[in-house]
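Colleague: File name structure-v8.txt; file contents compact mmCIF, C-alpha atoms; full text below.
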# COMPACT_ATOMS: atom_id res chain seq x y z
CA MET V 1 -85.71 34.67 -3.59
CA GLY V 2 -85.24 38.49 -3.68
CA LYS V 3 -85.29 40.71 -6.76
CA LEU V 4 -84.25 44.26 -7.59
CA TYR V 5 -86.55 46.16 -9.97
CA PHE V 6 -84.67 49.25 -11.24
CA LEU V 7 -86.81 52.40 -11.40
CA LYS V 8 -84.16 54.95 -12.43
CA GLY V 9 -80.77 54.77 -14.08
CA PRO V 10 -79.16 52.85 -16.96
CA LEU V 11 -81.04 49.63 -16.02
CA GLN V 12 -84.46 51.29 -15.75
CA GLY V 13 -87.23 48.72 -16.19
CA ALA V 14 -84.89 45.73 -15.72
CA THR V 15 -85.20 43.11 -12.93
CA ALA V 16 -82.19 41.42 -11.32
CA GLU V 17 -82.64 38.19 -9.33
CA LEU V 18 -80.44 37.94 -6.23
CA ILE V 19 -78.91 34.48 -6.68
CA GLY V 20 -76.07 33.27 -4.47
CA GLY V 21 -74.83 34.12 -1.01
CA GLU V 22 -73.18 37.47 -1.86
CA ILE V 23 -74.03 39.89 -4.71
CA THR V 24 -71.91 43.01 -5.21
CA ILE V 25 -73.23 46.14 -6.92
CA GLY V 26 -71.06 48.78 -8.55
CA ARG V 27 -69.57 50.24 -11.71
CA ALA V 28 -66.70 47.72 -12.08
CA SER V 29 -67.17 44.81 -14.43
CA ASP V 30 -66.40 42.18 -11.76
CA ASN V 31 -69.55 43.01 -9.78
CA GLY V 32 -72.55 40.70 -9.69
CA ILE V 33 -74.73 43.63 -10.85
CA CYS V 34 -72.74 46.04 -13.01
CA ILE V 35 -74.31 49.52 -13.43
CA ASP V 36 -72.49 51.98 -15.68
CA ASP V 37 -73.35 55.21 -13.89
CA GLU V 38 -71.00 57.96 -12.66
CA SER V 39 -72.83 58.27 -9.30
CA LEU V 40 -71.78 54.73 -8.33
CA SER V 41 -68.41 53.67 -6.97
CA ASP V 42 -66.47 50.78 -8.48
CA HIS V 43 -67.70 48.59 -5.62
CA HIS V 44 -70.67 50.48 -4.23
CA ALA V 45 -72.62 47.98 -2.05
CA VAL V 46 -73.07 44.27 -1.37
CA ILE V 47 -76.15 42.14 -0.59
CA ASN V 48 -75.66 39.05 1.59
CA ARG V 49 -78.35 36.32 1.77
CA GLN V 50 -78.42 34.72 5.25
CA ASN V 51 -81.19 32.50 6.67
CA GLY V 52 -83.67 33.61 4.04
CA GLU V 53 -82.97 37.35 4.64
CA CYS V 54 -81.16 39.87 2.42
CA ILE V 55 -78.74 42.21 4.24
CA LEU V 56 -77.58 45.29 2.32
CA ARG V 57 -74.20 46.80 3.31
CA ASP V 58 -72.60 49.93 1.91
CA LEU V 59 -68.92 49.54 0.89
CA ARG V 60 -67.90 53.07 1.89
CA SER V 61 -69.09 54.47 -1.39
CA ALA V 62 -68.64 58.13 -2.34
CA ARG V 63 -72.34 58.96 -2.85
CA GLY V 64 -73.58 56.49 -0.24
CA THR V 65 -76.59 54.17 -0.21
CA THR V 66 -80.07 55.08 1.06
CA VAL V 67 -83.00 52.80 2.00
CA ARG V 68 -86.44 54.30 2.50
CA GLY V 69 -84.83 57.74 2.30
CA ASN V 70 -82.28 57.11 5.09
CA LYS V 71 -78.55 56.75 4.53
CA ILE V 72 -77.40 53.38 5.81
CA ILE V 73 -74.30 51.37 6.56
CA ILE V 74 -76.03 48.00 6.94
CA VAL V 75 -79.72 47.11 6.97
CA THR V 76 -81.96 44.09 6.52
CA LEU V 77 -84.10 44.55 3.43
CA GLU V 78 -87.86 44.10 3.54
CA ASP V 79 -90.40 43.68 0.80
CA SER V 80 -91.10 46.84 -1.30
CA ASP V 81 -88.07 48.78 0.08
CA ARG V 82 -86.90 51.69 -2.13
CA ILE V 83 -83.10 51.69 -2.49
CA ALA V 84 -80.90 54.40 -4.00
CA PHE V 85 -77.34 53.59 -5.11
CA GLY V 86 -76.15 57.12 -5.76
CA SER V 87 -78.67 58.39 -8.33
CA VAL V 88 -79.78 54.89 -9.37
CA GLU V 89 -83.05 53.87 -7.73
CA ALA V 90 -84.42 50.34 -7.38
CA GLU V 91 -87.18 48.49 -5.52
CA PHE V 92 -86.54 45.30 -3.54
CA THR V 93 -89.26 42.63 -3.67
CA THR V 94 -89.54 39.07 -2.44
CA THR V 95 -92.69 38.12 -4.33
CA GLU V 96 -92.41 34.66 -5.90
CA VAL V 97 -94.42 33.69 -8.95
CA LYS V 98 -95.43 30.03 -9.13
CA LEU V 99 -96.27 28.67 -12.53
CA HIS V 100 -98.98 26.01 -12.71
CA MET V 101 -98.69 23.93 -15.89
CA PRO V 102 -102.05 22.64 -17.21
CA LYS V 103 -102.54 18.92 -17.32
CA THR V 104 -102.18 17.70 -20.90
CA ALA V 105 -104.75 15.22 -22.13
CA VAL V 106 -103.42 12.06 -23.78
CA LEU V 107 -105.12 11.67 -27.13
CA PRO V 108 -105.71 8.14 -28.43
CA THR V 109 -103.70 7.11 -31.46
CA PRO V 110 -105.81 6.77 -34.62
CA PRO V 111 -106.30 3.15 -35.81
CA HIS V 112 -104.35 3.66 -38.99
CA GLU V 113 -101.30 4.91 -37.03
CA ILE V 114 -100.97 1.92 -34.64
CA THR V 115 -97.42 0.63 -34.79
CA TRP V 116 -96.27 -2.98 -34.57
CA PRO V 117 -95.12 -2.77 -30.90
CA GLN V 118 -98.54 -1.40 -29.98
CA ARG V 119 -100.27 -4.32 -31.71
CA ARG V 120 -98.07 -6.79 -29.83
CA ALA V 121 -98.90 -5.04 -26.54
CA ALA V 122 -102.64 -5.23 -27.32
CA ALA V 123 -102.42 -8.96 -28.15
CA ALA V 124 -100.46 -9.61 -24.95
CA SER V 125 -103.11 -7.71 -22.97
CA GLU V 126 -105.90 -9.84 -24.51
CA ARG V 127 -104.03 -13.06 -23.64
CA SER V 128 -103.47 -11.84 -20.11
CA SER V 129 -107.19 -11.06 -19.64
CA PHE V 130 -108.14 -14.54 -20.98
CA LYS V 131 -105.72 -16.21 -18.54
CA SER V 132 -107.15 -14.18 -15.67
CA ALA V 133 -110.71 -15.25 -16.58
CA VAL V 134 -109.71 -18.94 -16.75
CA LEU V 135 -107.89 -18.71 -13.40
CA THR V 136 -110.93 -17.09 -11.79
CA LEU V 137 -113.21 -19.87 -13.13
CA VAL V 138 -110.86 -22.59 -11.77
CA GLN V 139 -110.83 -20.93 -8.35
CA PHE V 140 -114.64 -20.75 -8.30
CA VAL V 141 -114.95 -24.46 -9.20
CA ALA V 142 -112.46 -25.40 -6.46
CA VAL V 143 -114.40 -23.39 -3.86
CA VAL V 144 -117.70 -25.03 -4.90
CA ALA V 145 -116.11 -28.50 -4.70
CA LEU V 146 -114.74 -27.85 -1.21
CA ALA V 147 -118.12 -26.53 -0.06
CA GLY V 148 -119.87 -29.66 -1.41
CA ALA V 149 -117.40 -32.00 0.29
CA GLY V 150 -117.88 -30.20 3.57
CA TYR V 151 -121.67 -30.41 3.31
CA TRP V 152 -121.48 -34.17 2.54
CA TRP V 153 -119.31 -34.83 5.58
CA TYR V 154 -121.66 -32.77 7.73
CA GLN V 155 -124.67 -34.83 6.58
CA LYS V 156 -122.79 -38.10 7.19
CA LEU V 157 -121.71 -37.13 10.68
CA SER V 158 -125.19 -35.86 11.61
CA LYS V 159 -126.65 -39.41 11.14
CA VAL V 160 -124.36 -41.01 13.79
CA ASP V 161 -126.09 -42.10 17.05
CA PRO V 162 -125.39 -39.36 19.59
CA ILE V 163 -125.66 -41.72 22.58
CA GLY V 164 -123.46 -44.43 21.10
CA ASP V 165 -123.66 -48.16 21.70
CA ALA V 166 -125.78 -48.68 24.82
CA PRO V 167 -125.00 -51.70 27.01
CA ALA V 168 -127.30 -54.69 26.47
CA ALA V 169 -130.04 -55.05 29.09
CA ASP V 170 -130.30 -58.14 31.31
CA ASN V 171 -132.75 -60.73 29.97
CA ALA V 172 -134.28 -61.27 33.39
CA THR V 173 -134.84 -57.53 33.86
CA VAL V 174 -136.43 -57.26 30.44
CA ALA V 175 -138.69 -60.22 31.16
CA ALA V 176 -139.68 -58.75 34.53
CA SER V 177 -141.08 -55.61 33.00
CA PRO V 178 -143.63 -56.75 30.42
CA ALA V 179 -144.74 -54.16 27.99
CA PRO V 180 -148.34 -53.82 26.76
CA GLU V 181 -149.14 -55.63 23.59
CA SER V 182 -150.38 -52.52 21.94
CA ALA V 183 -147.17 -50.57 22.68
CA PRO V 184 -145.06 -50.03 19.61
CA ALA V 185 -141.61 -51.51 19.39
CA GLN V 186 -138.92 -49.24 20.81
CA PRO V 187 -135.50 -48.68 19.28
CA PRO V 188 -132.72 -50.90 20.69
CA HIS V 189 -131.07 -48.14 22.71
CA TYR V 190 -134.28 -47.27 24.56
CA THR V 191 -134.46 -50.82 26.09
CA ALA V 192 -131.77 -49.80 28.50
CA ALA V 193 -134.43 -48.03 30.54
CA ALA V 194 -135.78 -51.46 31.68
CA ALA V 195 -132.45 -52.31 33.30
CA LEU V 196 -132.72 -49.46 35.81
CA PRO V 197 -133.10 -50.68 39.43
CA PRO V 198 -136.62 -50.53 40.93
CA THR V 199 -137.52 -47.70 43.25
CA PRO V 200 -136.85 -48.78 46.89
CA GLU V 201 -139.81 -48.89 49.26
CA PRO V 202 -139.89 -46.59 52.28
CA TYR V 203 -138.29 -48.00 55.44
CA LYS V 204 -140.81 -49.33 57.99
CA VAL V 205 -140.00 -49.34 61.72
CA PRO V 206 -140.67 -52.83 63.16
CA ALA V 207 -143.28 -52.99 65.93
CA ALA V 208 -142.10 -53.64 69.54
CA PRO V 209 -142.63 -57.30 70.69
CA ALA V 210 -145.45 -57.92 73.22
CA PRO V 211 -144.39 -58.69 76.85
CA PRO V 212 -144.48 -62.34 77.91
CA ALA V 213 -147.64 -63.56 79.71
CA ALA V 214 -145.68 -64.87 82.71
CA VAL V 215 -144.30 -61.47 83.66
CA ALA V 216 -147.14 -59.05 82.97
CA PRO V 217 -150.60 -59.73 84.53
CA ALA V 218 -153.48 -60.06 82.22
CA ALA V 219 -155.05 -56.73 81.68
CA PRO V 220 -157.46 -55.44 79.22
CA ALA V 221 -155.70 -54.22 76.20
CA VAL V 222 -155.63 -50.48 76.11
CA GLN V 223 -155.43 -49.00 72.73
CA PRO V 224 -152.73 -46.31 72.65
CA GLU V 225 -153.75 -42.89 71.55
CA PRO V 226 -152.46 -41.88 68.19
CA ALA V 227 -149.37 -39.74 68.51
CA ALA V 228 -149.66 -36.16 67.45
CA PRO V 229 -148.01 -35.46 64.15
CA ALA V 230 -144.59 -33.93 64.46
CA PRO V 231 -144.48 -30.26 63.55
CA VAL V 232 -143.05 -29.58 60.18
CA ALA V 233 -140.09 -27.21 60.33
CA THR V 234 -140.73 -24.13 58.26
CA PRO V 235 -137.61 -23.19 56.28
CA ALA V 236 -136.16 -19.77 57.02
CA PRO V 237 -136.94 -17.17 54.37
CA VAL V 238 -134.07 -16.55 51.98
CA PRO V 239 -133.10 -12.83 51.98
CA VAL V 240 -133.77 -11.27 48.65
CA LYS V 241 -130.95 -8.95 47.45
CA ALA V 242 -132.23 -5.54 46.57
CA ALA V 243 -131.78 -4.72 42.93
CA SER V 244 -129.25 -1.91 42.51
CA ALA V 245 -130.16 1.08 40.41
CA PRO V 246 -128.78 1.01 36.86
CA PRO V 247 -125.70 3.24 36.33
CA ASN V 248 -126.32 6.68 34.91
CA PRO V 249 -125.61 6.87 31.13
CA ALA V 250 -123.86 10.24 31.49
CA ILE V 251 -121.45 8.82 34.10
CA GLN V 252 -120.75 5.81 31.86
CA GLN V 253 -120.03 8.15 28.94
CA ALA V 254 -117.69 10.23 31.14
CA ARG V 255 -115.77 7.12 32.21
CA LEU V 256 -115.42 6.13 28.55
CA LEU V 257 -114.06 9.61 27.71
CA ILE V 258 -111.57 9.32 30.58
CA ALA V 259 -110.39 5.98 29.21
CA GLN V 260 -109.88 7.69 25.81
CA ASN V 261 -107.80 10.51 27.44
CA LYS V 262 -110.50 13.08 26.59
CA HIS V 263 -110.44 14.62 30.04
CA ALA V 264 -111.84 18.06 29.15
CA ASP V 265 -114.89 16.46 27.47
CA ALA V 266 -115.41 14.20 30.50
CA VAL V 267 -115.30 17.19 32.88
CA ALA V 268 -117.81 19.10 30.74
CA CYS V 269 -120.14 16.08 30.63
CA LEU V 270 -120.03 15.56 34.42
CA ASP V 271 -120.46 19.28 35.16
CA LYS V 272 -123.55 19.33 32.97
CA LEU V 273 -124.92 16.24 34.75
CA ILE V 274 -124.35 17.69 38.23
CA ALA V 275 -125.93 21.01 37.25
CA SER V 276 -129.04 19.41 35.68
CA THR V 277 -129.76 16.50 38.07
CA LYS V 278 -132.18 16.82 40.98
CA GLU V 279 -131.11 13.60 42.73
CA PRO V 280 -128.33 13.94 45.32
CA SER V 281 -127.27 10.32 44.79
CA VAL V 282 -126.55 10.93 41.10
CA ALA V 283 -124.46 14.01 41.94
CA ALA V 284 -122.56 12.01 44.58
CA ASP V 285 -121.87 9.20 42.06
CA ALA V 286 -120.56 11.76 39.56
CA GLN V 287 -118.01 13.30 41.94
CA PRO V 288 -115.38 10.45 41.95
CA PRO V 289 -115.08 10.28 38.12
CA LEU V 290 -115.07 14.10 38.03
CA LYS V 291 -112.10 14.17 40.41
CA GLN V 292 -110.35 11.48 38.34
CA ALA V 293 -110.81 13.52 35.13
CA LEU V 294 -109.62 16.72 36.81
CA ASP V 295 -106.53 14.98 38.22
CA ALA V 296 -105.64 13.60 34.77
CA GLN V 297 -106.22 16.99 33.12
CA LEU V 298 -104.10 18.73 35.77
CA MET V 299 -101.27 16.22 35.32
CA SER V 300 -101.34 16.72 31.54
CA LEU V 301 -101.19 20.53 31.82
CA GLN V 302 -98.35 20.38 34.36
CA SER V 303 -96.40 18.07 32.05
CA VAL V 304 -96.81 20.53 29.16
CA LYS V 305 -95.71 23.40 31.39
CA GLN V 306 -92.57 21.50 32.41
CA GLN V 307 -91.72 21.00 28.73
CA TRP V 308 -92.08 24.75 28.07
CA GLU V 309 -89.89 25.54 31.09
CA ALA V 310 -87.24 23.11 29.84
CA GLN V 311 -87.23 24.90 26.46
CA CYS V 312 -87.00 28.34 28.09
CA LYS V 313 -83.70 27.54 29.83
CA PRO V 314 -81.52 27.33 26.65
CA LEU V 315 -83.27 30.44 25.28
CA GLU V 316 -82.33 32.38 28.41
CA ASP V 317 -78.72 31.20 28.10
CA ARG V 318 -78.52 32.24 24.43
CA LEU V 319 -80.07 35.62 25.21
CA LYS V 320 -77.58 36.25 28.02
CA ALA V 321 -74.63 35.30 25.79
CA ALA V 322 -75.90 37.58 22.98
CA GLN V 323 -76.32 40.51 25.39
CA GLU V 324 -72.80 40.06 26.74
CA LYS V 325 -71.39 39.91 23.20
CA VAL V 326 -73.23 43.11 22.25
CA GLU V 327 -71.91 44.88 25.36
CA GLN V 328 -68.32 43.85 24.55
CA ASP V 329 -68.60 44.98 20.91
CA THR V 330 -70.23 48.26 21.94
CA LYS V 331 -67.47 48.99 24.45
CA ALA V 332 -64.76 48.21 21.88
CA LEU V 333 -66.50 50.46 19.32
CA GLU V 334 -66.70 53.37 21.75
CA GLU V 335 -63.02 52.99 22.65
CA LYS V 336 -62.06 52.90 18.98
CA LYS V 337 -64.11 56.00 18.19
CA ALA V 338 -62.63 57.85 21.19
CA ALA V 339 -59.11 56.95 20.07
CA GLU V 340 -59.82 58.31 16.60
CA ALA V 341 -61.38 61.51 17.98
CA ARG V 342 -58.40 62.26 20.27
CA VAL V 343 -55.70 64.76 19.17
CA TYR V 344 -52.12 63.42 19.29
CA GLU V 345 -48.88 65.47 19.28
CA MET V 346 -46.34 64.82 16.54
CA PRO V 347 -42.59 65.46 16.46
CA GLY V 348 -41.67 68.95 15.46
CA GLY V 349 -43.60 72.17 15.48
CA HIS V 350 -43.47 75.82 14.45
CA TRP V 351 -43.29 79.31 15.91
CA ARG V 352 -46.45 81.30 16.00
CA TYR V 353 -46.09 85.10 16.02
CA SER V 354 -48.57 87.57 17.36
CA TYR V 355 -48.76 91.23 16.25
CA TRP V 356 -50.59 94.29 17.32
CA ASP V 357 -52.87 96.02 14.98
CA ASN V 358 -50.41 98.86 14.53
CA GLY V 359 -47.86 96.43 13.10
CA TYR V 360 -45.40 96.23 15.94
CA TYR V 361 -44.04 92.87 17.06
CA TYR V 362 -45.64 91.62 20.22
CA ALA V 363 -44.78 87.94 21.07
CA ARG V 364 -44.05 84.51 19.71
CA ARG V 365 -44.63 80.94 20.99
CA TRP V 366 -43.71 77.43 19.94
CA VAL V 367 -46.68 75.34 18.65
CA PRO V 368 -46.06 71.58 18.32
CA ASN V 369 -47.46 69.69 15.39
CA THR V 370 -50.67 67.71 16.13
CA ARG V 371 -52.79 65.08 14.42
CA LYS V 372 -56.35 63.92 15.05
CA GLY V 373 -56.65 60.11 15.37
CA THR V 374 -54.13 57.32 15.69
CA GLY V 375 -53.03 57.61 12.10
CA ASP V 376 -53.80 53.93 11.44
CA ASN V 377 -55.25 53.49 7.99
CA SER V 378 -57.23 50.39 9.05
CA ALA V 379 -58.91 52.20 11.95
CA GLN V 380 -61.93 53.22 9.89
CA SER V 381 -62.31 49.66 8.63
CA ALA V 382 -62.15 48.35 12.20
CA ILE V 383 -64.82 50.84 13.29
CA HIS V 384 -67.00 49.78 10.35
CA GLU V 385 -66.67 46.08 11.25
CA LEU V 386 -67.49 46.76 14.89
CA GLN V 387 -70.62 48.68 13.86
CA ILE V 388 -71.75 45.67 11.82
CA LYS V 389 -71.13 43.31 14.75
CA VAL V 390 -73.10 45.53 17.12
CA MET V 391 -76.02 45.73 14.69
CA LEU V 392 -76.12 41.97 14.08
CA GLY V 393 -75.83 41.30 17.83
CA ALA V 394 -78.74 43.65 18.55
CA GLN V 395 -80.84 41.78 15.98
CA GLU V 396 -79.99 38.45 17.66
CA VAL V 397 -80.92 39.88 21.07
CA ARG V 398 -84.30 41.06 19.75
CA LYS V 399 -84.98 37.67 18.16
CA GLN V 400 -84.14 35.69 21.32
CA THR V 401 -86.18 38.12 23.43
CA ASP V 402 -89.22 37.62 21.19
CA TYR V 403 -88.90 33.84 21.44
CA LEU V 404 -88.56 33.98 25.22
CA ASN V 405 -91.57 36.29 25.57
CA ARG V 406 -93.70 33.90 23.51
CA TYR V 407 -92.69 30.96 25.69
CA ARG V 408 -93.44 32.92 28.86
CA GLN V 409 -96.85 33.94 27.52
CA GLN V 410 -97.60 30.29 26.82
CA MET V 411 -96.62 29.31 30.38
CA ALA V 412 -98.78 32.12 31.78
CA ALA V 413 -101.74 30.79 29.78
CA LEU V 414 -101.09 27.31 31.20
CA ASP V 415 -101.01 28.76 34.73
CA GLN V 416 -104.41 30.35 34.14
CA GLN V 417 -105.76 26.88 33.31
CA ILE V 418 -103.93 25.04 36.13
CA VAL V 419 -104.93 27.29 39.06
CA PRO V 420 -108.76 26.85 38.79
CA ILE V 421 -108.35 23.10 38.25
CA GLN V 422 -106.22 22.85 41.42
CA ALA V 423 -108.91 24.74 43.33
CA ARG V 424 -111.62 22.38 42.09
CA VAL V 425 -109.54 19.30 42.97
CA ALA V 426 -109.01 20.60 46.52
CA GLN V 427 -112.74 21.31 46.86
CA LEU V 428 -113.66 17.81 45.64
CA ASP V 429 -111.13 16.25 48.04
CA ALA V 430 -112.78 18.04 50.95
CA VAL V 431 -116.26 16.98 49.81
CA LEU V 432 -115.29 13.33 49.33
CA LYS V 433 -113.55 13.18 52.74
CA SER V 434 -116.55 14.67 54.54
CA ALA V 435 -119.07 12.42 52.74
CA PRO V 436 -120.41 9.47 54.87
CA PRO V 437 -119.18 6.00 53.88
CA ALA V 438 -121.40 4.09 51.48
CA PRO V 439 -123.49 1.33 53.15
CA SER V 440 -122.21 -2.18 52.56
CA PRO V 441 -124.51 -4.29 50.36
CA GLN V 442 -126.79 -6.84 52.02
CA PRO V 443 -125.55 -10.48 51.68
Can you present the structure in this file as structure tokens?

Modeller:
Amino acid sequence: MGKLYFLKGPLQGATAELIGGEITIGRASDNGICIDDESLSDHHAVINRQNGECILRDLRSARGTTVRGNKIIIVTLEDSDRIAFGSVEAEFTTTEVKLHMPKTAVLPTPPHEITWPQRRAAAASERSSFKSAVLTLVQFVAVVALAGAGYWWYQKLSKVDPIGDAPAADNATVAASPAPESAPAQPPHYTAAAALPPTPEPYKVPAAPAPPAAVAPAAPAVQPEPAAPAPVATPAPVPVKAASAPPNPAIQQARLLIAQNKHADAVACLDKLIASTKEPSVAADAQPPLKQALDAQLMSLQSVKQQWEAQCKPLEDRLKAAQEKVEQDTKALEEKKAAEARVYEMPGGHWRYSYWDNGYYYARRWVPNTRKGTGDNSAQSAIHELQIKVMLGAQEVRKQTDYLNRYRQQMAALDQQIVPIQARVAQLDAVLKSAPPAPSPQP
């Protein structure tokens, strides 16, 4: 909110707050700020509040209005501007004073001043606290009871035979496997072990029958030589899979940062690892996640740049429209001023006589009547309105130009980040394509 602090004139020392959209200043009583001074016109100036700014416009006053020592028609006021309405001087300020009220402490009511409603509220509070305590105790007892019931069921279920009812063993099998007298009695379910079938004996190849005596002549029995033992086949050795090296902690941390969309941190971590490691295998393992992080970072920056470009398009359109409007208003203003500066002939005229210095008549000529300007009383008002339009249009052009320059600076900064990342991605692509394929793991 703006204020006018009067430094000179009838209102010296007073402060006027500029409330409302339009505040007129002058000597007439219908003004928003009435100043009884002969140097002011009846309606001297007006202050319009638009978009948080105060615009001062002179209403063609006799003595004029000056801001910062310059005579003005229309101007946007700034903080601490010195304004002169004729001989009345004032200072424009936009300083706002915020009042901070101290927190008041609530003092307890003395015991002798407690009223009947307060006593009823205290008794109700005591009853409520007693009910809460009883409810808490009941809940605790219920929880303890449920815990005890659960423990009892757990103990009961833990005593149940885990194997269940075993099938009864055959009497003959039990009798066939006598137990030593000194052996202790076994539980009923362990007797099922006696019902298992006996271990079968190894298969014996029957010997070949001897040839009949009638066919083969009697010969001394030759004992056959014992056959050589068959060679035992040695099993083929099982290939042992080589233990792979554990993954590098820095690479694992970089992959985690990539999953969290912290691509810049992942790139910094991998760059530090590649610069500090002395093992080529570690640097080669770090290149694929580095390329992944750079690709994601590049995609994010390009997306932001596209958003800025999309916002620049309507700004360029508004700037072009404002420039065209200013050009049209400026052209109309120049034409209006030229029409008012031109000399027009009027009906009628008069004779102009010329004499010599000695008093004798010399010549005469007819001089038509002339007039400067169109003679339209509203011409000056039209020129004044066009000047205001040109000034406001120029302000809009400057504002849109500033916005557009900021957006273009932001896009230029994004380009400075995108170009080196694109170069690094191309370099990593070439390195990864030229690298030999990784050996396949042994089965």

Colleague: For a quick check of your reading of the model, name the residues lying within 7 Å of the coordinate (-83.0, 35.9, -7.8), counting all atoms listed in the file, and write them as an MDAnalysis selection string.

Modeller: chainID V and resid 1:3 16:19

Colleague: Can you measure CA of Gly348 (chain V) to CA of Glu335 (chain V) for me? One decimal in Å is fine.

Modeller: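 Atom-to-atom, CA of Gly348 (chain V) to CA of Glu335 (chain V), that is 27.6 Å.
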
Colleague: If I take CA of Ile25 (chain V) and CA of Ala45 (chain V), how far is one from the other in Å, to one decimal?

Modeller: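 Separation of CA of Ile25 (chain V) and CA of Ala45 (chain V): 5.2 Å.
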
Colleague: Please provide as a ChimeraX atom specification all residues within 6 Å of region 27-44 of chain V, with the sequence filter that same-chain residues fewer than 6 positions apart are discarded (counting only C-alpha atoms).

Modeller: /V:59,61,86-87

Colleague: Write out, as a PDB file, keeping the file's coordinate frame, the residues just selected, with C-alpha atoms.

Modeller:
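As a result, out.pdb now contains:
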ATOM      1  CA  LEU V  59     -68.920  49.540   0.890  1.00  0.00           C
ATOM      2  CA  SER V  61     -69.090  54.470  -1.390  1.00  0.00           C
ATOM      3  CA  GLY V  86     -76.150  57.120  -5.760  1.00  0.00           C
ATOM      4  CA  SER V  87     -78.670  58.390  -8.330  1.00  0.00           C
TER       5      SER V  87
END

Colleague: Can you list, as an MDAnalysis selection string, every protein, DNA or RNA residue that comes within 6 Å of region 371-373 of chain V when you count all atoms listed in the file, leaving out same-chain residues fewer than 3 positions away?

Modeller: chainID V and resid 340:344

Colleague: Using CA of Ala266 (chain V) and CA of Gln253 (chain V) as the two end points, give the distance in Å to one decimal.

Modeller: 7.8 Å

Colleague: Show which residues sit within 12 Å of Ala310 (chain V), as a PDB file with C-alpha atoms, in the coordinates of the input. Count only C-alpha atoms, and ignore same-chain residues fewer than 5 positions away.

Modeller:
ATOM      1  CA  SER V 303     -96.400  18.070  32.050  1.00  0.00           C
ATOM      2  CA  VAL V 304     -96.810  20.530  29.160  1.00  0.00           C
ATOM      3  CA  LYS V 305     -95.710  23.400  31.390  1.00  0.00           C
ATOM      4  CA  LEU V 315     -83.270  30.440  25.280  1.00  0.00           C
ATOM      5  CA  GLU V 316     -82.330  32.380  28.410  1.00  0.00           C
ATOM      6  CA  ASP V 317     -78.720  31.200  28.100  1.00  0.00           C
ATOM      7  CA  LEU V 404     -88.560  33.980  25.220  1.00  0.00           C
ATOM      8  CA  TYR V 407     -92.690  30.960  25.690  1.00  0.00           C
ATOM      9  CA  ARG V 408     -93.440  32.920  28.860  1.00  0.00           C
ATOM     10  CA  MET V 411     -96.620  29.310  30.380  1.00  0.00           C
TER      11      MET V 411
END

Colleague: Which is closer to Gly349 (chain V) than all the others in V:Lys399, V:Arg365, V:Arg49, V:Lys337, using all atoms listed in the file?

Modeller: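 Ranking V:Lys399, V:Arg365, V:Arg49, V:Lys337 by distance to Gly349 (chain V), first place goes to V:Arg365.
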
Colleague: Determine, counting only C-alpha atoms, which protein, DNA and RNA residues have an atom within 9 Å of an atom of Lys8 (chain V); residues of the same chain fewer than 2 positions away are not included. Present the result as a PyMOL selection string.

Modeller: chain V and resi 6+10-13+87-90

Colleague: Which residue is closest to Gln417 (chain V)? Choose from V:Ala283, V:Ala339, V:Ser378, V:Gln302 and count all atoms listed in the file.

Modeller: V:Gln302

Colleague: Taking only C-alpha atoms into account, which of V:Arg255, V:Lys313, V:Lys336, V:His350 comes nearest Asp285 (chain V)?

Modeller: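 Nearest to Asp285 (chain V): V:Arg255.
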
Colleague: Which residue out of V:Gly52, V:Leu294, V:Leu7, V:Val425 has the minimum interatomic distance to His263 (chain V) when all atoms listed in the file are used?

Modeller: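 Smallest distance to His263 (chain V) is found for V:Leu294.
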
Colleague: Taking into account all atoms listed in the file, which residue in the set V:Ala254, V:Ala133, V:Glu327, V:Asp376 is nearest to Ala293 (chain V)?

Modeller: V:Ala254

Colleague: Compile the contact shell of region 70-78 of chain V as a PyMOL selection string: residues with an atom at most 6 Å away, counting all atoms listed in the file, same-chain residues fewer than 6 positions apart removed.

Modeller: chain V and resi 54-58
